[in-house]
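Colleague: File work.cif below, mmCIF, C-alpha atoms:
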data_query
loop_
_atom_site.group_PDB
_atom_site.id
_atom_site.type_symbol
_atom_site.label_atom_id
_atom_site.label_comp_id
_atom_site.auth_asym_id
_atom_site.auth_seq_id
_atom_site.Cartn_x
_atom_site.Cartn_y
_atom_site.Cartn_z
ATOM 1 C CA MET K 1020 32.510 -43.847 -20.764
ATOM 2 C CA LEU K 1021 34.723 -42.237 -18.095
ATOM 3 C CA LYS K 1022 34.858 -38.993 -20.136
ATOM 4 C CA ALA K 1023 31.063 -38.921 -20.352
ATOM 5 C CA VAL K 1024 30.675 -39.439 -16.580
ATOM 6 C CA LEU K 1025 33.296 -36.739 -15.826
ATOM 7 C CA SER K 1026 31.600 -34.351 -18.277
ATOM 8 C CA ILE K 1027 28.215 -34.910 -16.655
ATOM 9 C CA ALA K 1028 29.736 -34.443 -13.170
ATOM 10 C CA VAL K 1029 31.426 -31.162 -14.182
ATOM 11 C CA LEU K 1030 28.240 -29.848 -15.819
ATOM 12 C CA SER K 1031 26.232 -30.825 -12.726
ATOM 13 C CA LEU K 1032 28.654 -28.988 -10.424
ATOM 14 C CA ILE K 1033 28.468 -25.890 -12.647
ATOM 15 C CA GLY K 1034 24.662 -26.053 -12.574
ATOM 16 C CA ILE K 1035 24.554 -26.467 -8.784
ATOM 17 C CA SER K 1036 27.019 -23.595 -8.379
ATOM 18 C CA SER K 1037 24.839 -21.374 -10.593
ATOM 19 C CA VAL K 1038 21.720 -22.221 -8.587
ATOM 20 C CA ALA K 1039 23.515 -21.554 -5.291
ATOM 21 C CA HIS K 1040 24.788 -18.198 -6.613
ATOM 22 C CA ALA K 1041 21.305 -17.274 -7.858
ATOM 23 C CA GLN K 1042 19.917 -17.743 -4.320
ATOM 24 C CA ARG K 1043 21.961 -14.737 -3.257
ATOM 25 C CA ARG K 1044 20.885 -12.476 -6.147
ATOM 26 C CA VAL K 1045 17.176 -11.961 -5.386
ATOM 27 C CA GLU K 1046 15.457 -11.355 -2.063
ATOM 28 C CA ALA K 1047 11.695 -11.108 -1.505
ATOM 29 C CA GLY K 1048 9.895 -10.447 1.728
ATOM 30 C CA LEU K 1049 6.744 -9.547 3.573
ATOM 31 C CA LEU K 1050 6.736 -6.826 6.185
ATOM 32 C CA LEU K 1051 4.779 -5.479 9.103
ATOM 33 C CA ASP K 1052 4.947 -1.705 8.839
ATOM 34 C CA TYR K 1053 4.767 0.816 11.688
ATOM 35 C CA LEU K 1054 4.661 4.519 10.774
ATOM 36 C CA SER K 1055 4.332 7.364 13.281
ATOM 37 C CA VAL K 1056 2.843 10.270 11.275
ATOM 38 C CA SER K 1057 4.044 13.518 12.876
ATOM 39 C CA GLN K 1058 1.351 15.809 11.426
ATOM 40 C CA THR K 1059 -1.540 13.763 12.779
ATOM 41 C CA GLN K 1060 0.306 12.296 15.787
ATOM 42 C CA THR K 1061 -1.018 8.842 14.875
ATOM 43 C CA ASP K 1062 0.650 5.435 14.998
ATOM 44 C CA ASN K 1063 -0.260 3.620 11.775
ATOM 45 C CA VAL K 1064 0.287 -0.125 11.320
ATOM 46 C CA GLY K 1065 -0.018 -2.148 8.132
ATOM 47 C CA ILE K 1066 1.462 -4.759 5.839
ATOM 48 C CA GLY K 1067 3.602 -4.690 2.736
ATOM 49 C CA GLY K 1068 6.103 -6.419 0.529
ATOM 50 C CA ARG K 1069 9.554 -5.820 -0.892
ATOM 51 C CA LEU K 1070 11.740 -7.162 -3.672
ATOM 52 C CA SER K 1071 15.524 -6.739 -3.953
ATOM 53 C CA ILE K 1072 17.895 -7.596 -6.800
ATOM 54 C CA ARG K 1073 21.661 -7.673 -6.316
ATOM 55 C CA VAL K 1074 23.237 -5.247 -8.795
ATOM 56 C CA HIS K 1075 26.770 -5.339 -7.361
ATOM 57 C CA ARG K 1076 28.636 -7.431 -4.806
ATOM 58 C CA ASN K 1077 27.392 -5.416 -1.793
ATOM 59 C CA VAL K 1078 24.565 -3.382 -3.376
ATOM 60 C CA MET K 1079 20.957 -4.389 -3.922
ATOM 61 C CA ALA K 1080 18.282 -2.381 -5.760
ATOM 62 C CA GLU K 1081 15.163 -2.617 -3.633
ATOM 63 C CA GLY K 1082 11.537 -1.625 -4.082
ATOM 64 C CA GLU K 1083 8.784 -1.863 -1.501
ATOM 65 C CA LEU K 1084 5.130 -1.036 -1.078
ATOM 66 C CA ALA K 1085 3.236 -0.845 2.247
ATOM 67 C CA TYR K 1086 -0.413 -0.228 3.096
ATOM 68 C CA ASP K 1087 -1.246 1.074 6.579
ATOM 69 C CA TYR K 1088 -4.827 0.759 7.764
ATOM 70 C CA GLY K 1089 -7.005 3.690 8.787
ATOM 71 C CA VAL K 1090 -6.552 5.126 12.276
ATOM 72 C CA ASN K 1091 -8.942 7.583 13.940
ATOM 73 C CA PHE K 1092 -7.763 10.829 15.529
ATOM 74 C CA GLN K 1093 -9.219 14.170 16.618
ATOM 75 C CA GLU K 1094 -8.635 16.877 13.993
ATOM 76 C CA VAL K 1095 -8.648 20.283 15.674
ATOM 77 C CA TYR K 1096 -9.726 23.307 13.624
ATOM 78 C CA THR K 1097 -8.690 26.750 14.841
ATOM 79 C CA ASP K 1098 -10.082 30.119 13.791
ATOM 80 C CA ILE K 1099 -7.552 31.997 11.646
ATOM 81 C CA ALA K 1100 -8.655 35.384 13.025
ATOM 82 C CA ASN K 1101 -8.283 34.733 16.758
ATOM 83 C CA GLY K 1102 -6.445 31.379 17.049
ATOM 84 C CA LYS K 1103 -9.153 29.802 19.209
ATOM 85 C CA VAL K 1104 -10.433 26.264 18.668
ATOM 86 C CA SER K 1105 -13.550 26.453 16.518
ATOM 87 C CA ALA K 1106 -14.257 22.749 15.936
ATOM 88 C CA ILE K 1107 -13.005 19.237 16.652
ATOM 89 C CA GLU K 1108 -13.787 16.508 14.144
ATOM 90 C CA ARG K 1109 -13.127 12.768 14.290
ATOM 91 C CA THR K 1110 -10.998 11.948 11.255
ATOM 92 C CA SER K 1111 -9.591 8.697 9.875
ATOM 93 C CA ILE K 1112 -6.200 8.442 8.137
ATOM 94 C CA GLY K 1113 -4.643 5.579 6.188
ATOM 95 C CA VAL K 1114 -1.235 5.631 4.498
ATOM 96 C CA THR K 1115 0.283 3.961 1.429
ATOM 97 C CA GLU K 1116 4.068 4.129 0.981
ATOM 98 C CA GLY K 1117 6.069 3.249 -2.143
ATOM 99 C CA LEU K 1118 9.871 3.419 -1.984
ATOM 100 C CA PHE K 1119 12.766 2.432 -4.248
ATOM 101 C CA GLY K 1120 16.532 2.724 -3.888
ATOM 102 C CA PRO K 1121 19.864 1.076 -3.101
ATOM 103 C CA LYS K 1122 20.569 -1.076 -0.061
ATOM 104 C CA LEU K 1123 24.207 -1.568 0.987
ATOM 105 C CA GLU K 1124 24.550 -5.037 2.494
ATOM 106 C CA PRO K 1125 27.302 -7.680 2.614
ATOM 107 C CA ALA K 1126 26.766 -10.486 0.105
ATOM 108 C CA HIS K 1127 27.556 -13.286 2.575
ATOM 109 C CA GLY K 1128 26.926 -14.237 6.187
ATOM 110 C CA HIS K 1129 24.092 -15.275 8.471
ATOM 111 C CA PHE K 1130 23.852 -11.813 10.069
ATOM 112 C CA ARG K 1131 23.890 -8.914 7.619
ATOM 113 C CA PRO K 1132 23.678 -5.308 8.788
ATOM 114 C CA PHE K 1133 22.614 -2.834 6.086
ATOM 115 C CA VAL K 1134 21.907 0.820 5.318
ATOM 116 C CA THR K 1135 19.548 2.178 2.686
ATOM 117 C CA LEU K 1136 18.456 5.431 1.066
ATOM 118 C CA LYS K 1137 15.219 5.279 -0.912
ATOM 119 C CA GLY K 1138 12.960 7.736 -2.656
ATOM 120 C CA GLY K 1139 9.298 7.475 -3.512
ATOM 121 C CA PHE K 1140 5.884 8.606 -2.359
ATOM 122 C CA VAL K 1141 3.536 8.686 0.614
ATOM 123 C CA ASP K 1142 -0.200 8.731 -0.110
ATOM 124 C CA PHE K 1143 -2.547 9.777 2.700
ATOM 125 C CA ARG K 1144 -6.179 8.677 2.713
ATOM 126 C CA LEU K 1145 -8.217 10.985 4.938
ATOM 127 C CA SER K 1146 -11.927 10.678 5.614
ATOM 128 C CA PRO K 1147 -13.897 13.559 4.065
ATOM 129 C CA SER K 1148 -14.272 16.629 6.248
ATOM 130 C CA LEU K 1149 -17.721 17.924 7.043
ATOM 131 C CA LEU K 1150 -16.394 21.376 7.932
ATOM 132 C CA PRO K 1151 -15.834 24.237 5.469
ATOM 133 C CA TYR K 1152 -12.185 25.329 5.255
ATOM 134 C CA SER K 1153 -12.808 29.089 5.015
ATOM 135 C CA GLY K 1154 -11.694 30.948 8.115
ATOM 136 C CA VAL K 1155 -10.264 27.871 9.873
ATOM 137 C CA THR K 1156 -6.994 25.974 9.779
ATOM 138 C CA SER K 1157 -5.895 22.504 10.825
ATOM 139 C CA ARG K 1158 -2.486 20.879 11.110
ATOM 140 C CA VAL K 1159 -3.574 18.356 8.445
ATOM 141 C CA LEU K 1160 -5.070 20.718 5.850
ATOM 142 C CA GLY K 1161 -1.827 20.395 3.858
ATOM 143 C CA ILE K 1162 -2.227 16.641 3.444
ATOM 144 C CA ARG K 1163 -5.949 17.074 2.789
ATOM 145 C CA ASP K 1164 -5.161 19.428 -0.100
ATOM 146 C CA SER K 1165 -2.242 17.376 -1.454
ATOM 147 C CA ASN K 1166 -2.435 13.801 -0.203
ATOM 148 C CA LEU K 1167 0.238 12.368 -2.581
ATOM 149 C CA ASN K 1168 3.670 13.540 -1.423
ATOM 150 C CA GLY K 1169 7.263 12.929 -2.472
ATOM 151 C CA ALA K 1170 9.415 11.197 0.145
ATOM 152 C CA ILE K 1171 12.959 10.142 0.982
ATOM 153 C CA TYR K 1172 13.829 7.396 3.415
ATOM 154 C CA PRO K 1173 17.226 6.930 5.070
ATOM 155 C CA GLY K 1174 17.261 3.773 7.166
ATOM 156 C CA GLY K 1175 19.205 0.799 8.406
ATOM 157 C CA GLY K 1176 18.838 -2.516 10.124
ATOM 158 C CA ALA K 1177 19.877 -6.136 9.960
ATOM 159 C CA THR K 1178 18.893 -9.443 8.408
ATOM 160 C CA ALA K 1179 19.436 -12.749 10.206
ATOM 161 C CA SER K 1180 19.147 -15.818 8.003
ATOM 162 C CA LEU K 1181 19.576 -19.543 7.977
ATOM 163 C CA GLY K 1182 20.000 -20.649 4.395
ATOM 164 C CA PRO K 1183 17.548 -18.939 2.053
ATOM 165 C CA ILE K 1184 15.064 -17.996 4.838
ATOM 166 C CA GLY K 1185 15.526 -15.135 7.275
ATOM 167 C CA LEU K 1186 14.082 -12.297 9.329
ATOM 168 C CA ARG K 1187 14.660 -8.594 8.738
ATOM 169 C CA LEU K 1188 14.322 -5.626 11.116
ATOM 170 C CA GLU K 1189 14.625 -2.062 9.828
ATOM 171 C CA PHE K 1190 14.413 1.433 11.373
ATOM 172 C CA GLY K 1191 14.371 4.716 9.504
ATOM 173 C CA ASP K 1192 13.083 8.243 9.046
ATOM 174 C CA LEU K 1193 10.386 8.523 6.384
ATOM 175 C CA ILE K 1194 10.563 12.187 5.347
ATOM 176 C CA TYR K 1195 7.675 13.407 3.204
ATOM 177 C CA PHE K 1196 7.388 16.877 1.719
ATOM 178 C CA ASN K 1197 4.140 18.806 2.174
ATOM 179 C CA GLU K 1198 4.539 22.500 2.911
ATOM 180 C CA GLY K 1199 7.974 21.597 4.273
ATOM 181 C CA ALA K 1200 9.659 18.383 5.369
ATOM 182 C CA HIS K 1201 7.966 16.132 7.938
ATOM 183 C CA ASN K 1202 10.017 13.487 9.762
ATOM 184 C CA ASN K 1203 8.277 10.226 10.715
ATOM 185 C CA LEU K 1204 9.640 7.175 12.520
ATOM 186 C CA ARG K 1205 9.208 4.013 10.444
ATOM 187 C CA ILE K 1206 9.899 0.450 11.630
ATOM 188 C CA THR K 1207 9.458 -2.692 9.535
ATOM 189 C CA PHE K 1208 9.840 -6.346 10.468
ATOM 190 C CA GLY K 1209 9.200 -9.552 8.557
ATOM 191 C CA PRO K 1210 10.396 -12.730 6.878
ATOM 192 C CA ILE K 1211 12.577 -12.783 3.766
ATOM 193 C CA LEU K 1212 13.373 -15.427 1.194
ATOM 194 C CA ARG K 1213 16.514 -15.477 -0.970
ATOM 195 C CA PHE K 1214 16.311 -17.252 -4.311
#
As structure tokens, how would this structure be written, given the file I've shared?

Modeller:
Amino acid sequence: MLKAVLSIAVLSLIGISSVAHAQRRVEAGLLLDYLSVSQTQTDNVGIGGRLSIRVHRNVMAEGELAYDYGVNFQEVYTDIANGKVSAIERTSIGVTEGLFGPKLEPAHGHFRPFVTLKGGFVDFRLSPSLLPYSGVTSRVLGIRDSNLNGAIYPGGGATASLGPIGLRLEFGDLIYFNEGAHNNLRITFGPILRF
């Protein structure tokens, strides 16, 4: 009888240890996303989600997707021949970002600073233009012509947690490529859950 009780106790401790270790292997979170788009000079805000899986002691593979709502701005068209303003049109822009890459973060602790480098895409949603493009140019014609752009994202921040629940703050430079590289400040903040 004593052997059976000891066996059950050992198996229970192994099971509890496995569950506790598993809480540190996966991290999921919601995020509020702020993106300052340099080409349009707009401040876009939206929501998103992320999922991370620990692949090594201090490395997590992380993917995230964010949707920023439409923001209105004045799109200025200039005449190619003389450089003078030929039209101003009210335009709306929304942004979708998808990123994936490694995150270097300590495996333990209540406060965890981290750095990340991700790659992915930025998709711009612009309202249709009513103006013909011949003979005029705009600083956003590039993203009108090719609204899905490759991107890289170096960033860093910190996670503060109490048990499996925490808060995460992240700052970075979302660089998308459309007729050259465009640097854009990106800030995310939101709750996380480790399981």

Colleague: Between K:Asp1062, K:Glu1189, K:Glu1108, K:Asp1087, single out the one closest to Pro1132 (chain K), counting only C-alpha atoms.

Modeller: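 Of K:Asp1062, K:Glu1189, K:Glu1108, K:Asp1087, the one nearest Pro1132 (chain K) is K:Glu1189, counting only C-alpha atoms.
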
Colleague: List the neighbours of region 1145-1148 of chain K out to 10 Å using all atoms listed in the file; skip same-chain residues closer than 2 positions along the sequence, and give me the result as a ChimeraX atom specification.

Modeller: /K:1089-1091,1094,1108-1114,1142-1143,1150-1152,1159,1162-1163,1166

Colleague: If we count all atoms listed in the file and set the cut-off at 10 Å, which residues sit around Asn1202 (chain K), ignoring sequence neighbours fewer than 5 positions away in its own chain? Please answer as a ChimeraX atom specification.

Modeller: /K:1055-1058,1170-1172,1191-1196

Colleague: Quote the spacing between CA of Ala1179 (chain K) and CA of Gly1048 (chain K) in Å to one decimal place.

Modeller: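 One can read the CA of Ala1179 (chain K) to CA of Gly1048 (chain K) distance as 13.0 Å.
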
Colleague: Of the candidates K:Ile1206, K:Val1074, K:Ile1066, K:Leu1051, which shows the shortest atom-to-atom distance to Glu1124 (chain K), using only C-alpha atoms?

Modeller: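 Answer, going by the shortest atom-to-atom distance: K:Val1074.
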
Colleague: Starting from the displayed file, determine the output of the PyMOL selection byres ((chain K and resi 1127) around 12) and express the residue list as a PyMOL selection string.

Modeller: chain K and resi 1040+1042-1044+1076-1078+1124-1126+1128-1132+1178-1183+1213

Colleague: Can you work out which one of K:Ser1153, K:Asn1168, K:Asn1197, K:Thr1135 has the shortest atom-to-atom distance to Ser1105 (chain K), counting all atoms listed in the file?

Modeller: K:Ser1153

Colleague: Report, in Å with one decimal, the straight-line distance from CA of Lys1103 (chain K) to CA of Ser1165 (chain K).

Modeller: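 Atom-to-atom, CA of Lys1103 (chain K) to CA of Ser1165 (chain K), that is 25.1 Å.
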
Colleague: Pick out the residues sitting within 12 Å of Val1104 (chain K), and hand them over as a list of chain:residue names; count only C-alpha atoms, and ignore anything fewer than 5 positions along from it in its own chain.

Modeller: K:Glu1094, K:Val1095, K:Tyr1096, K:Thr1097, K:Asp1098, K:Ile1099, K:Gly1154, K:Val1155, K:Thr1156, K:Ser1157

Colleague: Limited to C-alpha atoms, could you put the picked residues into a file as a PDB file, in the coordinates of the input?

Modeller:
ATOM      1  CA  GLU K1094      -8.635  16.877  13.993  1.00  0.00           C
ATOM      2  CA  VAL K1095      -8.648  20.283  15.674  1.00  0.00           C
ATOM      3  CA  TYR K1096      -9.726  23.307  13.624  1.00  0.00           C
ATOM      4  CA  THR K1097      -8.690  26.750  14.841  1.00  0.00           C
ATOM      5  CA  ASP K1098     -10.082  30.119  13.791  1.00  0.00           C
ATOM      6  CA  ILE K1099      -7.552  31.997  11.646  1.00  0.00           C
ATOM      7  CA  GLY K1154     -11.694  30.948   8.115  1.00  0.00           C
ATOM      8  CA  VAL K1155     -10.264  27.871   9.873  1.00  0.00           C
ATOM      9  CA  THR K1156      -6.994  25.974   9.779  1.00  0.00           C
ATOM     10  CA  SER K1157      -5.895  22.504  10.825  1.00  0.00           C
TER      11      SER K1157
END

Colleague: Rank nothing, just name the residue among K:Val1141, K:Arg1187, K:Thr1115, K:Leu1123 nearest to Gly1169 (chain K), using all atoms listed in the file.

Modeller: K:Val1141

Colleague: So what do you get for CA of Pro1173 (chain K) versus CA of Gly1138 (chain K), distance-wise?

Modeller: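 About the pair CA of Pro1173 (chain K) and CA of Gly1138 (chain K): they are 8.9 Å apart.
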
Colleague: Show me, as a list in words, the residues that have an atom within 7 Å of Glu1046 (chain K) when counting all atoms listed in the file, minus same-chain residues fewer than 6 positions from it.

Modeller: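 Those residues are Leu1070, Ser1071, Ile1072, Ile1211, Leu1212, Arg1213 and Phe1214 of chain K.
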
Colleague: Please write the residues from the selection above to a file, keeping C-alpha atoms, as a PDB file, in the frame of the given file.

Modeller:
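Done, and the output landed in again19.pdb:
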ATOM      1  CA  LEU K1070      11.740  -7.162  -3.672  1.00  0.00           C
ATOM      2  CA  SER K1071      15.524  -6.739  -3.953  1.00  0.00           C
ATOM      3  CA  ILE K1072      17.895  -7.596  -6.800  1.00  0.00           C
ATOM      4  CA  ILE K1211      12.577 -12.783   3.766  1.00  0.00           C
ATOM      5  CA  LEU K1212      13.373 -15.427   1.194  1.00  0.00           C
ATOM      6  CA  ARG K1213      16.514 -15.477  -0.970  1.00  0.00           C
ATOM      7  CA  PHE K1214      16.311 -17.252  -4.311  1.00  0.00           C
TER       8      PHE K1214
END

Colleague: Counting all atoms listed in the file, which of K:Ala1106, K:Gly1082, K:Gly1185, K:Gln1093 gets nearest to Leu1136 (chain K)?

Modeller: K:Gly1082

Colleague: Could you tell me, as JSON, numbers by chain, exactly which residues end up selected when the PyMOL selection byres ((chain K and resi 1175) around 6) is applied to this structure?

Modeller: {"K": [1133, 1134, 1135, 1174, 1176, 1189, 1190]}
